[in-house]
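Shown next, in structure tokens, is the structure this report addresses.
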Amino acid sequence: MPTNSAAWLTAPYAPFVVEDAPYTRPAPTQIVIRNRAIAVNPLDDIKQSSGNLMYGWLPTRTVLGEDVAGEVAEVGSAVTRFAVGDRVVGYAVGMEKGRRHAAEGGFQLYTVVESALAAPIPEGMRFENAAVLPLGISTAASALFQKDQLGLRHPGTAGTPNQTVVVWGGSTSVGMNAIQLAAAAGYEVVSTASEHNHQRLRELGATTVFEYAQLSQLIASLQGKQVAGILALGTGSAAKAITIAIATRSRRVAMASPSVSFTGLPQRPGFTLPLARTIAQLVMSQTVLQVRAARHRIRARFVWGSTLMTNEVGPMLWEQFLPAALAEGRYIAAPTAEVVGSGLEQVQTALDALHQGVSARKLVVTL
Ligand SMILES: NC(=O)c1ccc[n+]([C@@H]2O[C@H](COP(=O)([O-])OP(=O)(O)OC[C@H]3O[C@@H](n4cnc5c(N)ncnc54)[C@H](OP(=O)(O)O)[C@@H]3O)[C@@H](O)[C@H]2O)c1
């Protein structure tokens with residue numbers, strides 16, 4: 001058995017500790033990836049910096065991380081798409097309920113990944129570039145294509161829908177993937193971002209990009225268009241999305257971010273005043289939002305990035321669309337990878353940097 005080690009979360013609010021980890025064999029539908037690059041996400045930061053406010057089902061000692069790229073080290077007995085040695089990118093779902101939390105976490109040398117949530121990496125693509133994709137593209141696809149979310153037509157479906165999709169927060173990891181996926185499905189895409197990212201978003205397929213403060217101009221640009229749905233990314237984005245939906249008579253909003261930020265909360269256990277205030281604001285703003293949406297018969301739902309593994313969107317994305325689109329250069333691994341360092345010790349450095357904020361970058365650690 002190979003020797004494994006992981007960046008362990010050993011207590012609420014604690015920094016990661018790099019220690020030995022068991023090597024876990026794959027179940028029949030799984031593969032084991034020897035990770036060569038892993039990326040960090042806001043949800044890893046939220047889990048580490050807000051105790052059990054989220055992901056309360058995880059054991060105290062656990063392995064976080066969703067984005068991995070590397071070589072296949074072992075395949076489960078029912079796996080036919082991959083062989084040992086293949087270069088792959090995969091979505092590690094160890095933080096989800098009911099999973100083998102430590103074995104399926106990304107922040108380690110060997111991660112167990114569902115083969116249905118992995119794709120081959122083209123020869124010319126580096127591991128660190130591929131590692132930017134998994135959670136971002138999965139969340140974008142769940143939001144855009146699931147019937148209980150925006151329910152858009154899938155990429156590769158014949159004909160063009162002649163409709164527009166709004167991606168609020170287009171320069172986030174999820175947003176850059178949502179722009180590309182919606183454009184690949186034939187939709188016109190209107191988005192928002194800071195100005196220095198506008199050109200990049202146009203390169204990814206957005207037709208028009210506005211700054212966050214240009215809500216009325218964005219709405220004016222949609223006059224006479226049929227808006228198929230709005231994806232809201234970033235703190236405060238859901239309220240903007242509902243306003244756009246009301247103005248354009250769109251019926252569907254997918255929300256990926258809570259309406260208040262958890263970033264400034266004290267990083268210690270206990271029910272503090274700022275925590276109580278944040279929870280109260282969260283409950284109040286979500287209630288106002290849902291009442292406003294309901295009055296206009298808008299379906300505004302919170303999206304969860306891993307839900308695609310239980311429906312038709314997962315195979316559409318990971319087995320049909322992504323392998324071919326990457327190989328043919330039709331899909332750009334975005335945002336751009338920024339390698340923070342090498343070795344599991346650098347995972348904490350990467351997460352600390354993410355906590356400070358990034359702009360159209362994915363922070364990656366090589367292994
Ligand atoms: N529900 C789920 O399953 C799920 C999964 C993944 C992510 N998320 C959530 O989705 C959001 C995006 O995640 P991510 O990993 O894609 O983020 P990210 O890449 O870390 O986001 C960084 C980007 O946020 C943008 N930004 C800053 N202020 C903003 C604002 N007011 N509105 C919109 N965007 C703003 C910045 O763009 P500029 O520099 O251009 O301003 C920056 O490029 C986060 O809230 C995250 O928690 C949810």
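Just remember, in the structure tokens the first chain shown is A, the second B, etc., residues are 1-based per chain, and ligands are 1-based in the order shown.
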
Can you check which residues of range 14-112 of chain A DSSP gives as alpha helix (DSSP H) on the backbone and send them as number ranges by chain?
A: 42-49

Create the file for the chosen residues now, containing all heavy atoms and written as a PDB file, in the first residue's frame.
```
ATOM      1  N   PRO A  42     -13.584  28.824  -1.084  1.00  0.00           N
ATOM      2  CA  PRO A  42     -14.161  29.540   0.053  1.00  0.00           C
ATOM      3  C   PRO A  42     -14.823  28.612   1.077  1.00  0.00           C
ATOM      4  O   PRO A  42     -14.789  28.882   2.274  1.00  0.00           O
ATOM      5  CB  PRO A  42     -15.202  30.458  -0.597  1.00  0.00           C
ATOM      6  CG  PRO A  42     -14.674  30.712  -1.969  1.00  0.00           C
ATOM      7  CD  PRO A  42     -13.988  29.431  -2.374  1.00  0.00           C
ATOM      8  N   LEU A  43     -15.383  27.497   0.621  1.00  0.00           N
ATOM      9  CA  LEU A  43     -16.075  26.653   1.613  1.00  0.00           C
ATOM     10  C   LEU A  43     -15.082  25.974   2.569  1.00  0.00           C
ATOM     11  O   LEU A  43     -15.420  25.714   3.731  1.00  0.00           O
ATOM     12  CB  LEU A  43     -17.026  25.657   0.956  1.00  0.00           C
ATOM     13  CG  LEU A  43     -16.543  24.507   0.118  1.00  0.00           C
ATOM     14  CD1 LEU A  43     -16.199  23.307   0.974  1.00  0.00           C
ATOM     15  CD2 LEU A  43     -17.664  24.117  -0.849  1.00  0.00           C
ATOM     16  N   ASP A  44     -13.842  25.714   2.102  1.00  0.00           N
ATOM     17  CA  ASP A  44     -12.817  25.194   3.026  1.00  0.00           C
ATOM     18  C   ASP A  44     -12.510  26.249   4.081  1.00  0.00           C
ATOM     19  O   ASP A  44     -12.358  25.946   5.268  1.00  0.00           O
ATOM     20  CB  ASP A  44     -11.523  24.866   2.268  1.00  0.00           C
ATOM     21  CG  ASP A  44     -11.749  23.865   1.141  1.00  0.00           C
ATOM     22  OD1 ASP A  44     -12.370  22.829   1.400  1.00  0.00           O
ATOM     23  OD2 ASP A  44     -11.297  24.135   0.013  1.00  0.00           O
ATOM     24  N   ASP A  45     -12.438  27.491   3.617  1.00  0.00           N
ATOM     25  CA  ASP A  45     -12.168  28.605   4.524  1.00  0.00           C
ATOM     26  C   ASP A  45     -13.322  28.775   5.516  1.00  0.00           C
ATOM     27  O   ASP A  45     -13.099  28.918   6.726  1.00  0.00           O
ATOM     28  CB  ASP A  45     -11.965  29.878   3.692  1.00  0.00           C
ATOM     29  CG  ASP A  45     -11.751  31.098   4.565  1.00  0.00           C
ATOM     30  OD1 ASP A  45     -10.986  30.985   5.543  1.00  0.00           O
ATOM     31  OD2 ASP A  45     -12.352  32.147   4.283  1.00  0.00           O
ATOM     32  N   ILE A  46     -14.552  28.704   5.000  1.00  0.00           N
ATOM     33  CA  ILE A  46     -15.720  28.873   5.884  1.00  0.00           C
ATOM     34  C   ILE A  46     -15.717  27.778   6.948  1.00  0.00           C
ATOM     35  O   ILE A  46     -15.925  28.044   8.130  1.00  0.00           O
ATOM     36  CB  ILE A  46     -17.038  28.839   5.069  1.00  0.00           C
ATOM     37  CG1 ILE A  46     -17.142  30.098   4.196  1.00  0.00           C
ATOM     38  CG2 ILE A  46     -18.246  28.735   5.990  1.00  0.00           C
ATOM     39  CD1 ILE A  46     -18.291  30.068   3.199  1.00  0.00           C
ATOM     40  N   LYS A  47     -15.428  26.539   6.519  1.00  0.00           N
ATOM     41  CA  LYS A  47     -15.426  25.436   7.492  1.00  0.00           C
ATOM     42  C   LYS A  47     -14.335  25.641   8.542  1.00  0.00           C
ATOM     43  O   LYS A  47     -14.576  25.485   9.741  1.00  0.00           O
ATOM     44  CB  LYS A  47     -15.223  24.092   6.776  1.00  0.00           C
ATOM     45  CG  LYS A  47     -15.136  22.892   7.707  1.00  0.00           C
ATOM     46  CD  LYS A  47     -16.393  22.730   8.551  1.00  0.00           C
ATOM     47  CE  LYS A  47     -16.169  21.775   9.718  1.00  0.00           C
ATOM     48  NZ  LYS A  47     -17.234  21.892  10.740  1.00  0.00           N
ATOM     49  N   GLN A  48     -13.143  26.018   8.087  1.00  0.00           N
ATOM     50  CA  GLN A  48     -12.052  26.154   9.062  1.00  0.00           C
ATOM     51  C   GLN A  48     -12.253  27.360   9.984  1.00  0.00           C
ATOM     52  O   GLN A  48     -11.924  27.310  11.162  1.00  0.00           O
ATOM     53  CB  GLN A  48     -10.701  26.303   8.339  1.00  0.00           C
ATOM     54  CG  GLN A  48      -9.525  26.255   9.308  1.00  0.00           C
ATOM     55  CD  GLN A  48      -8.189  26.384   8.596  1.00  0.00           C
ATOM     56  OE1 GLN A  48      -8.009  27.232   7.741  1.00  0.00           O
ATOM     57  NE2 GLN A  48      -7.256  25.525   8.958  1.00  0.00           N
ATOM     58  N   SER A  49     -12.826  28.435   9.443  1.00  0.00           N
ATOM     59  CA  SER A  49     -12.867  29.674  10.226  1.00  0.00           C
ATOM     60  C   SER A  49     -14.202  29.928  10.930  1.00  0.00           C
ATOM     61  O   SER A  49     -14.352  30.941  11.605  1.00  0.00           O
ATOM     62  CB  SER A  49     -12.522  30.871   9.337  1.00  0.00           C
ATOM     63  OG  SER A  49     -13.493  30.992   8.322  1.00  0.00           O
TER      64      SER A  49
END
```

So which residues are near ligand 1, meaning at most 6 Å away with only C-alpha atoms and all ligand atoms counted, given back as a compact mmCIF listing (two decimals) with N, CA and C atoms, in the first residue's frame?
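Saved the output as part.txt:
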```txt
# COMPACT_ATOMS: atom_id res chain seq x y z
N ASN A 41 -10.90 26.42 -1.79
CA ASN A 41 -12.18 27.08 -2.08
C ASN A 41 -12.70 27.81 -0.86
N PRO A 42 -13.58 28.82 -1.08
CA PRO A 42 -14.16 29.54 0.05
C PRO A 42 -14.82 28.61 1.08
N LEU A 43 -15.38 27.50 0.62
CA LEU A 43 -16.07 26.65 1.61
C LEU A 43 -15.08 25.97 2.57
N GLY A 136 -15.90 24.53 -8.93
CA GLY A 136 -16.45 25.65 -9.70
C GLY A 136 -17.34 25.18 -10.84
N THR A 139 -20.55 23.28 -9.48
CA THR A 139 -21.57 24.18 -8.92
C THR A 139 -22.27 24.94 -10.06
N GLY A 169 -21.62 38.13 -10.72
CA GLY A 169 -20.39 37.65 -10.09
C GLY A 169 -19.62 36.74 -11.03
N SER A 171 -16.69 36.83 -12.37
CA SER A 171 -15.24 36.55 -12.25
C SER A 171 -14.92 35.66 -11.05
N THR A 172 -15.94 35.14 -10.38
CA THR A 172 -15.70 34.11 -9.37
C THR A 172 -15.36 32.80 -10.11
N SER A 173 -14.83 31.83 -9.36
CA SER A 173 -14.54 30.53 -9.99
C SER A 173 -15.81 29.92 -10.58
N VAL A 174 -16.88 29.96 -9.79
CA VAL A 174 -18.15 29.40 -10.28
C VAL A 174 -18.61 30.20 -11.50
N ALA A 193 -18.73 42.08 -12.96
CA ALA A 193 -17.42 41.86 -12.34
C ALA A 193 -16.76 43.22 -12.18
N SER A 194 -15.63 43.27 -11.48
CA SER A 194 -14.83 44.49 -11.46
C SER A 194 -14.28 44.73 -12.86
N ASN A 197 -11.62 42.79 -14.90
CA ASN A 197 -11.89 41.41 -15.35
C ASN A 197 -12.86 41.34 -16.54
N LEU A 233 -23.99 34.99 -7.62
CA LEU A 233 -22.75 34.56 -6.97
C LEU A 233 -22.16 35.74 -6.20
N GLY A 234 -21.77 35.49 -4.97
CA GLY A 234 -21.18 36.54 -4.14
C GLY A 234 -22.17 37.06 -3.11
N THR A 235 -21.61 37.55 -1.99
CA THR A 235 -22.46 38.07 -0.92
C THR A 235 -23.31 39.22 -1.46
N SER A 237 -25.56 39.07 -3.73
CA SER A 237 -25.94 38.92 -5.14
C SER A 237 -27.40 38.49 -5.32
N ALA A 256 -25.97 30.90 -5.03
CA ALA A 256 -24.89 30.04 -4.53
C ALA A 256 -24.29 30.57 -3.23
N SER A 257 -24.58 31.83 -2.89
CA SER A 257 -23.90 32.44 -1.73
C SER A 257 -24.92 32.90 -0.69
N VAL A 303 -28.37 26.75 -4.42
CA VAL A 303 -27.78 25.62 -5.14
C VAL A 303 -26.67 25.01 -4.30
N TRP A 304 -26.48 23.71 -4.44
CA TRP A 304 -25.43 23.00 -3.71
C TRP A 304 -24.58 22.28 -4.76
N GLY A 305 -23.27 22.56 -4.76
CA GLY A 305 -22.40 22.13 -5.86
C GLY A 305 -22.34 20.64 -6.13
N VAL A 358 -9.34 37.06 -3.39
CA VAL A 358 -8.66 36.90 -4.68
C VAL A 358 -9.52 37.55 -5.75
N SER A 359 -8.91 37.84 -6.90
CA SER A 359 -9.69 38.36 -8.03
C SER A 359 -9.39 37.53 -9.27
N ALA A 360 -10.37 36.75 -9.69
CA ALA A 360 -10.25 35.92 -10.89
C ALA A 360 -9.00 35.05 -10.86
```

Excluding range 306-313 of chain A and any residue of its chain fewer than 2 positions from it, enumerate the residues within 12 Å of it, using only C-alpha atoms, and give them as a PyMOL selection string.
chain A and resi 66+91-97+99+113-118+134-149+151-155+256+302-304+315-322

Generate the output file for the selected residues, N, CA and C atoms, as a CSV table (one decimal), in the first residue's frame.
```csv
chain,number,residue,atom,x,y,z
A,66,GLU,N,-11.8,20.0,-2.2
A,66,GLU,CA,-12.7,19.4,-3.3
A,66,GLU,C,-12.0,19.3,-4.6
A,91,TYR,N,-13.4,15.7,-8.7
A,91,TYR,CA,-14.2,16.5,-7.7
A,91,TYR,C,-14.2,15.6,-6.4
A,92,ALA,N,-13.6,16.0,-5.4
A,92,ALA,CA,-13.5,15.2,-4.1
A,92,ALA,C,-14.7,15.6,-3.3
A,93,VAL,N,-15.6,14.7,-2.9
A,93,VAL,CA,-16.8,15.0,-2.2
A,93,VAL,C,-16.8,14.6,-0.7
A,94,GLY,N,-15.6,14.5,-0.1
A,94,GLY,CA,-15.5,14.1,1.3
A,94,GLY,C,-16.2,14.9,2.3
A,95,MET,N,-16.5,16.2,1.9
A,95,MET,CA,-17.2,17.0,2.9
A,95,MET,C,-18.7,16.8,2.9
A,96,GLU,N,-19.2,16.1,1.9
A,96,GLU,CA,-20.6,15.9,1.9
A,96,GLU,C,-21.1,14.8,2.9
A,97,LYS,N,-22.4,14.9,3.2
A,97,LYS,CA,-23.0,14.0,4.1
A,97,LYS,C,-22.9,12.6,3.7
A,99,ARG,N,-20.4,10.5,3.3
A,99,ARG,CA,-19.2,10.1,2.6
A,99,ARG,C,-18.2,9.6,3.5
A,113,VAL,N,-12.0,9.2,-5.2
A,113,VAL,CA,-12.9,10.1,-6.0
A,113,VAL,C,-13.9,9.2,-6.8
A,114,GLU,N,-15.1,9.6,-6.8
A,114,GLU,CA,-16.1,8.9,-7.7
A,114,GLU,C,-15.6,9.0,-9.1
A,115,SER,N,-15.6,7.9,-9.9
A,115,SER,CA,-15.1,8.0,-11.3
A,115,SER,C,-16.0,8.8,-12.1
A,116,ALA,N,-17.3,8.9,-11.7
A,116,ALA,CA,-18.3,9.7,-12.4
A,116,ALA,C,-18.1,11.2,-12.2
A,117,LEU,N,-17.2,11.5,-11.3
A,117,LEU,CA,-16.9,13.0,-11.1
A,117,LEU,C,-15.4,13.3,-11.4
A,118,ALA,N,-14.9,12.6,-12.4
A,118,ALA,CA,-13.5,12.8,-12.9
A,118,ALA,C,-13.5,12.8,-14.4
A,134,PRO,N,-12.8,21.6,-10.5
A,134,PRO,CA,-13.9,20.7,-10.1
A,134,PRO,C,-15.1,21.4,-9.3
A,135,LEU,N,-14.9,22.0,-8.2
A,135,LEU,CA,-16.1,22.6,-7.5
A,135,LEU,C,-16.7,23.7,-8.3
A,136,GLY,N,-15.9,24.5,-8.9
A,136,GLY,CA,-16.5,25.7,-9.7
A,136,GLY,C,-17.3,25.2,-10.8
A,137,ILE,N,-16.8,24.2,-11.6
A,137,ILE,CA,-17.6,23.8,-12.8
A,137,ILE,C,-18.8,23.0,-12.3
A,138,SER,N,-18.7,22.2,-11.2
A,138,SER,CA,-19.8,21.4,-10.8
A,138,SER,C,-20.9,22.2,-10.2
A,139,THR,N,-20.6,23.3,-9.5
A,139,THR,CA,-21.6,24.2,-8.9
A,139,THR,C,-22.3,24.9,-10.1
A,140,ALA,N,-21.5,25.4,-11.0
A,140,ALA,CA,-22.1,26.1,-12.2
A,140,ALA,C,-23.0,25.2,-12.9
A,141,ALA,N,-22.6,24.0,-13.2
A,141,ALA,CA,-23.5,23.1,-13.9
A,141,ALA,C,-24.8,22.7,-13.2
A,142,SER,N,-24.6,22.5,-11.8
A,142,SER,CA,-25.8,22.2,-11.0
A,142,SER,C,-26.8,23.3,-11.1
A,143,ALA,N,-26.3,24.6,-11.0
A,143,ALA,CA,-27.1,25.8,-11.0
A,143,ALA,C,-27.8,26.0,-12.4
A,144,LEU,N,-27.0,25.8,-13.4
A,144,LEU,CA,-27.6,26.1,-14.8
A,144,LEU,C,-28.5,25.0,-15.3
A,145,PHE,N,-28.1,23.8,-15.1
A,145,PHE,CA,-28.8,22.7,-15.8
A,145,PHE,C,-29.8,21.8,-15.1
A,146,GLN,N,-29.7,21.8,-13.7
A,146,GLN,CA,-30.6,20.9,-13.0
A,146,GLN,C,-32.0,21.5,-13.2
A,147,LYS,N,-33.0,20.5,-13.3
A,147,LYS,CA,-34.4,20.9,-13.5
A,147,LYS,C,-34.9,21.7,-12.3
A,148,ASP,N,-34.4,21.4,-11.1
A,148,ASP,CA,-34.9,22.1,-9.9
A,148,ASP,C,-34.2,23.5,-9.7
A,149,GLN,N,-33.2,23.8,-10.6
A,149,GLN,CA,-32.6,25.1,-10.6
A,149,GLN,C,-33.0,25.9,-11.8
A,151,GLY,N,-32.6,25.0,-15.0
A,151,GLY,CA,-33.2,24.1,-15.9
A,151,GLY,C,-32.9,24.4,-17.4
A,152,LEU,N,-31.7,24.9,-17.7
A,152,LEU,CA,-31.3,25.3,-19.0
A,152,LEU,C,-31.0,24.1,-19.9
A,153,ARG,N,-31.1,24.3,-21.2
A,153,ARG,CA,-30.7,23.3,-22.1
A,153,ARG,C,-29.2,22.9,-22.0
A,154,HIS,N,-28.9,21.7,-22.2
A,154,HIS,CA,-27.5,21.3,-22.0
A,154,HIS,C,-26.6,21.7,-23.2
A,155,PRO,N,-25.3,21.8,-23.0
A,155,PRO,CA,-24.4,22.0,-24.2
A,155,PRO,C,-24.6,20.9,-25.2
A,256,ALA,N,-26.0,30.9,-5.0
A,256,ALA,CA,-24.9,30.0,-4.5
A,256,ALA,C,-24.3,30.6,-3.2
A,302,PHE,N,-31.5,27.9,-3.4
A,302,PHE,CA,-30.1,27.8,-3.1
A,302,PHE,C,-29.5,26.6,-3.8
A,303,VAL,N,-28.4,26.7,-4.4
A,303,VAL,CA,-27.8,25.6,-5.1
A,303,VAL,C,-26.7,25.0,-4.3
A,304,TRP,N,-26.5,23.7,-4.4
A,304,TRP,CA,-25.4,23.0,-3.7
A,304,TRP,C,-24.6,22.3,-4.8
A,315,PRO,N,-23.2,13.1,-15.2
A,315,PRO,CA,-22.6,12.4,-16.4
A,315,PRO,C,-22.5,13.3,-17.6
A,316,MET,N,-23.5,14.2,-17.7
A,316,MET,CA,-23.5,15.1,-18.9
A,316,MET,C,-22.2,16.0,-18.8
A,317,LEU,N,-21.9,16.4,-17.6
A,317,LEU,CA,-20.7,17.3,-17.5
A,317,LEU,C,-19.4,16.6,-17.5
A,318,TRP,N,-19.3,15.6,-16.6
A,318,TRP,CA,-18.0,15.0,-16.3
A,318,TRP,C,-17.6,13.9,-17.3
A,319,GLU,N,-18.6,13.3,-17.9
A,319,GLU,CA,-18.3,12.2,-18.9
A,319,GLU,C,-18.5,12.6,-20.3
A,320,GLN,N,-19.5,13.4,-20.6
A,320,GLN,CA,-19.8,13.7,-22.0
A,320,GLN,C,-19.1,15.1,-22.4
A,321,PHE,N,-19.5,16.1,-21.7
A,321,PHE,CA,-19.0,17.5,-22.1
A,321,PHE,C,-17.5,17.8,-21.9
A,322,LEU,N,-17.1,17.6,-20.6
A,322,LEU,CA,-15.8,18.2,-20.2
A,322,LEU,C,-14.6,17.5,-20.9
```

Determine, for each residue of range 276-366 of chain A having at least one atom at most 12 Å from an atom of range 101-106 of chain A, the closest pair of atoms and their separation in Å to one decimal, counting only C-alpha atoms; order by chain and ascending number, as a Markdown table.
```
| residue | atom | partner | partner_atom | distance |
| --- | --- | --- | --- | --- |
| A:Leu344 | CA | A:Gly106 | CA | 10.6 |
| A:Val347 | CA | A:Gly106 | CA | 10.5 |
| A:Val364 | CA | A:Gly106 | CA | 11.9 |
| A:Val365 | CA | A:Gly106 | CA | 11.2 |
```

Where does DSSP see strand (DSSP E or B) in range 218-339 of chain A, if you list the residues as a ChimeraX atom specification?
/A:227-232,252-255,299-302,336-339

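Across the model, the gap from CA of Gln356 in chain A to CA of Ala280 in chain A is 24.6 Å.
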
Pairwise distance for CA of Arg25 in chain A and CA of Glu123 in chain A, rounded to one decimal in Å
26.8 Å

Set the distance at 8 Å and use only C-alpha atoms: which residues neighbour range 6-8 of chain A once local chain neighbours fewer than 6 positions away are removed? I'd like the list as a tab-separated table (two decimals) with all heavy atoms, in the first residue's frame.
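To be explicit, this is the file written out as out.tsv:
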```tsv
chain	number	residue	atom	x	y	z
A	16	PHE	N	-4.29	23.68	9.83
A	16	PHE	CA	-4.09	22.29	9.42
A	16	PHE	C	-2.80	21.74	10.00
A	16	PHE	O	-1.82	22.46	10.17
A	16	PHE	CB	-4.01	22.19	7.89
A	16	PHE	CG	-5.28	22.59	7.19
A	16	PHE	CD1	-5.29	23.63	6.28
A	16	PHE	CD2	-6.47	21.91	7.43
A	16	PHE	CE1	-6.46	24.01	5.63
A	16	PHE	CE2	-7.65	22.29	6.80
A	16	PHE	CZ	-7.64	23.33	5.90
A	17	VAL	N	-2.82	20.43	10.27
A	17	VAL	CA	-1.63	19.72	10.74
A	17	VAL	C	-1.33	18.63	9.72
A	17	VAL	O	-2.20	17.81	9.40
A	17	VAL	CB	-1.90	19.06	12.12
A	17	VAL	CG1	-0.66	18.33	12.61
A	17	VAL	CG2	-2.38	20.08	13.12
A	18	VAL	N	-0.11	18.62	9.18
A	18	VAL	CA	0.25	17.60	8.20
A	18	VAL	C	0.74	16.36	8.94
A	18	VAL	O	1.74	16.41	9.67
A	18	VAL	CB	1.32	18.12	7.22
A	18	VAL	CG1	1.73	17.02	6.23
A	18	VAL	CG2	0.79	19.34	6.47
A	19	GLU	N	0.00	15.27	8.77
A	19	GLU	CA	0.32	14.02	9.46
A	19	GLU	C	0.01	12.84	8.55
A	19	GLU	O	-0.71	13.00	7.55
A	19	GLU	CB	-0.54	13.88	10.74
A	19	GLU	CG	-0.05	14.72	11.89
A	19	GLU	CD	-1.00	14.66	13.10
A	19	GLU	OE1	-2.07	14.04	12.99
A	19	GLU	OE2	-0.64	15.24	14.12
A	20	ASP	N	0.46	11.67	8.93
A	20	ASP	CA	0.13	10.45	8.19
A	20	ASP	C	-1.38	10.28	8.07
A	20	ASP	O	-2.13	10.70	8.95
A	20	ASP	CB	0.68	9.21	8.91
A	20	ASP	CG	2.20	9.16	8.82
A	20	ASP	OD1	2.78	9.98	8.07
A	20	ASP	OD2	2.80	8.31	9.52
A	21	ALA	N	-1.78	9.66	6.98
A	21	ALA	CA	-3.20	9.35	6.77
A	21	ALA	C	-3.28	7.95	6.20
A	21	ALA	O	-2.38	7.53	5.47
A	21	ALA	CB	-3.81	10.35	5.79
A	61	ARG	N	-11.90	15.54	13.53
A	61	ARG	CA	-10.66	15.32	12.78
A	61	ARG	C	-11.03	14.90	11.36
A	61	ARG	O	-11.62	13.83	11.14
A	61	ARG	CB	-9.85	14.22	13.48
A	61	ARG	CG	-8.50	13.96	12.85
A	61	ARG	CD	-7.75	12.89	13.65
A	61	ARG	NE	-6.61	12.38	12.91
A	61	ARG	CZ	-5.42	12.97	12.84
A	61	ARG	NH1	-5.21	14.08	13.50
A	61	ARG	NH2	-4.45	12.45	12.14
A	62	THR	N	-10.73	15.75	10.40
A	62	THR	CA	-11.20	15.46	9.04
A	62	THR	C	-10.27	16.09	8.00
A	62	THR	O	-9.36	16.84	8.34
A	62	THR	CB	-12.66	15.96	8.86
A	62	THR	OG1	-13.21	15.38	7.70
A	62	THR	CG2	-12.74	17.48	8.77
A	63	VAL	N	-10.52	15.73	6.74
A	63	VAL	CA	-9.72	16.26	5.63
A	63	VAL	C	-10.66	17.04	4.70
A	63	VAL	O	-11.62	16.47	4.18
A	63	VAL	CB	-9.03	15.12	4.84
A	63	VAL	CG1	-8.19	15.69	3.70
A	63	VAL	CG2	-8.15	14.29	5.78
A	64	LEU	N	-10.39	18.33	4.52
A	64	LEU	CA	-11.21	19.16	3.63
A	64	LEU	C	-10.65	19.07	2.20
A	64	LEU	O	-9.70	18.35	1.94
A	64	LEU	CB	-11.22	20.61	4.11
A	64	LEU	CG	-11.56	20.85	5.60
A	64	LEU	CD1	-11.57	22.35	5.90
A	64	LEU	CD2	-12.89	20.22	5.97
A	107	PHE	N	-7.34	17.40	0.47
A	107	PHE	CA	-6.05	17.89	0.96
A	107	PHE	C	-5.15	16.76	1.46
A	107	PHE	O	-4.82	16.67	2.65
A	107	PHE	CB	-6.27	18.92	2.08
A	107	PHE	CG	-7.00	20.17	1.66
A	107	PHE	CD1	-7.61	20.98	2.61
A	107	PHE	CD2	-7.07	20.55	0.33
A	107	PHE	CE1	-8.28	22.14	2.23
A	107	PHE	CE2	-7.74	21.71	-0.06
A	107	PHE	CZ	-8.35	22.50	0.89
A	108	GLN	N	-4.77	15.86	0.55
A	108	GLN	CA	-3.88	14.76	0.91
A	108	GLN	C	-3.20	14.24	-0.35
A	108	GLN	O	-3.52	14.66	-1.46
A	108	GLN	CB	-4.64	13.66	1.64
A	108	GLN	CG	-5.82	13.07	0.88
A	108	GLN	CD	-6.67	12.16	1.76
A	108	GLN	OE1	-6.14	11.41	2.57
A	108	GLN	NE2	-7.99	12.23	1.59
A	109	LEU	N	-2.28	13.32	-0.17
A	109	LEU	CA	-1.56	12.79	-1.34
A	109	LEU	C	-2.45	11.87	-2.17
A	109	LEU	O	-2.40	11.91	-3.40
A	109	LEU	CB	-0.30	12.04	-0.89
A	109	LEU	CG	0.77	12.86	-0.16
A	109	LEU	CD1	2.00	11.99	0.12
A	109	LEU	CD2	1.17	14.08	-0.99
A	344	LEU	N	2.00	19.74	1.26
A	344	LEU	CA	0.76	19.89	2.02
A	344	LEU	C	0.82	21.02	3.05
A	344	LEU	O	-0.21	21.58	3.42
A	344	LEU	CB	0.42	18.56	2.71
A	344	LEU	CG	-0.05	17.43	1.78
A	344	LEU	CD1	-0.07	16.09	2.50
A	344	LEU	CD2	-1.44	17.75	1.21
A	345	GLU	N	2.01	21.36	3.50
A	345	GLU	CA	2.16	22.47	4.47
A	345	GLU	C	1.65	23.78	3.86
A	345	GLU	O	1.29	24.70	4.59
A	345	GLU	CB	3.62	22.65	4.88
A	345	GLU	CG	4.19	21.54	5.76
A	345	GLU	CD	4.50	20.24	5.00
A	345	GLU	OE1	4.48	20.28	3.75
A	345	GLU	OE2	4.74	19.22	5.66
A	347	VAL	N	-1.02	24.23	2.12
A	347	VAL	CA	-2.48	24.34	2.03
A	347	VAL	C	-2.98	25.45	2.96
A	347	VAL	O	-3.83	26.26	2.59
A	347	VAL	CB	-3.17	22.99	2.37
A	347	VAL	CG1	-4.68	23.15	2.38
A	347	VAL	CG2	-2.78	21.93	1.35
```

Straight-line distance linking CA of Phe82 in chain A with CA of Ala27 in chain A, stated in Å to one decimal:
14.1 Å

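All residues of protein, DNA or RNA that reach within 8 Å of range 327-336 of chain A, judged by only C-alpha atoms and not counting those fewer than 4 positions away in the chain, are Ile121, Pro122, Asn129, Ala130, Val132, Leu133, Ser171, Thr172, Ser173, Met176, Asn177, Gln180, Leu204, Leu322, Pro323, Ala360, Arg361 and Lys362 of chain A.
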
Shortest interatomic distance to Gln348 in chain A - which of A:Leu222, A:Val68, A:Val40, A:Leu53, counting only C-alpha atoms:
A:Val40

Within 10 Å of Ile230 in chain A, counting only C-alpha atoms, which residues qualify if same-chain residues fewer than 5 places away don't, as JSON, numbers by chain?
{"A": [143, 144, 149, 150, 164, 165, 166, 167, 168, 189, 190, 191, 238, 240, 241, 242, 244, 245, 250, 251, 252, 253, 254, 255, 300]}

I want to know what sits within 9 Å of Glu195 in chain A, based on only C-alpha atoms, with residues of the same chain fewer than 6 positions away left out; could you give that as number ranges by chain?
A: 209-211

Dump as a short mmCIF file (atom, residue, chain, number, x, y, z; two decimals), in the first residue's frame, selection limited to C-alpha atoms:
```cif
data_model
loop_
_atom_site.label_atom_id
_atom_site.label_comp_id
_atom_site.auth_asym_id
_atom_site.auth_seq_id
_atom_site.Cartn_x
_atom_site.Cartn_y
_atom_site.Cartn_z
CA VAL A 209 -20.19 42.74 -18.70
CA PHE A 210 -21.16 45.44 -16.18
CA GLU A 211 -19.71 46.62 -12.91
#
```
